Amino acid sequence: MKGLMGNRSGFTLVELLIVVIILGVLAAVAIPQFTSNTEDAKIAALDTSLAEMRNAVELYYHQHNAVYPGAKKHTDGSNVASATEAAAAFVAQMTLYSAADGTTSNTKTTTHKYGPYLKKGLPANPFTSGQSDLLCDIATADISVAASSGTEAWKFYVKTGRLIANDGGHDTH
């Protein structure tokens with residue numbers, strides 16, 4: 001029989017099955033390591049973004065007579081009346097030049113001499129699919145309160161200056 005088939009060499013089905021099983025075991029061990037590293041990278045990016053934004057908020061606070069961004073309208077410097085107005089004011093006051101009363105301008109002038117504090121806009125929250133939108137709470141005055149709604153990337157408490165990741169799972173960062 002050996003003469004009829006010639007010298008055929010190759011892997012048997014059992015040998016191929018063993019190789020596939022070994023590759024499956026290696027994949028089962030390696031994949032959780034990669035997902036853990038991805039989570040760690042997201043947390044590091046979140047911590048960096050929060051630190052950058054919190055530093056910007058504190059600088060704004062000190063340059064604007066102890067008033068946090070979003071507390072005054074960016075158009076006329078009057079008090080905000082809604083969370084929507086506060087969010088719009090916060091973004092404008094962080095990304096444009098501002099005056100001491102909170103009004104903003106696209107260009108630096110003798111009146112609008114502060115900022116911009118975030119030159120590239122609000123950073124993306126890595127846990128909200130790259131969203132960078134903001135929710136402002138204009139009512140809470142308790143510094144210990146930090147509860148996310150999970151709908152926007154960031155949440156800012158205008159009266160206390162507290163900024164958190166608003167993704168439902170990383171409020172403590």
# chains A, B, ... in the order shown; residues from 1 in each chain; ligands from 1
>>> residues_around(residues="segment 69-78 of chain A", least_positions_apart="6", cutoff="8 Å", atoms="only C-alpha atoms", output="list of chain:residue names")
A:Val57, A:Tyr60, A:Tyr61, A:Glu85, A:Ala86, A:Ala87, A:Ala88, A:Ala89, A:Phe90, A:Val91, A:Ala92, A:Gln93, A:Met94, A:Asp101, A:Gly102, A:Thr103, A:Thr104, A:Cys136, A:Ile138, A:Val158, A:Lys159
>>> residues_around(residues="Thr109 of chain A", least_positions_apart="3", cutoff="10 Å", atoms="only C-alpha atoms", output="ChimeraX atom specification")
/A:97-99,105-106,112-114
>>> residues_around(residues="Thr140 of chain A", least_positions_apart="6", cutoff="12 Å", atoms="only C-alpha atoms", output="ChimeraX atom specification")
/A:83,146-147,155-162
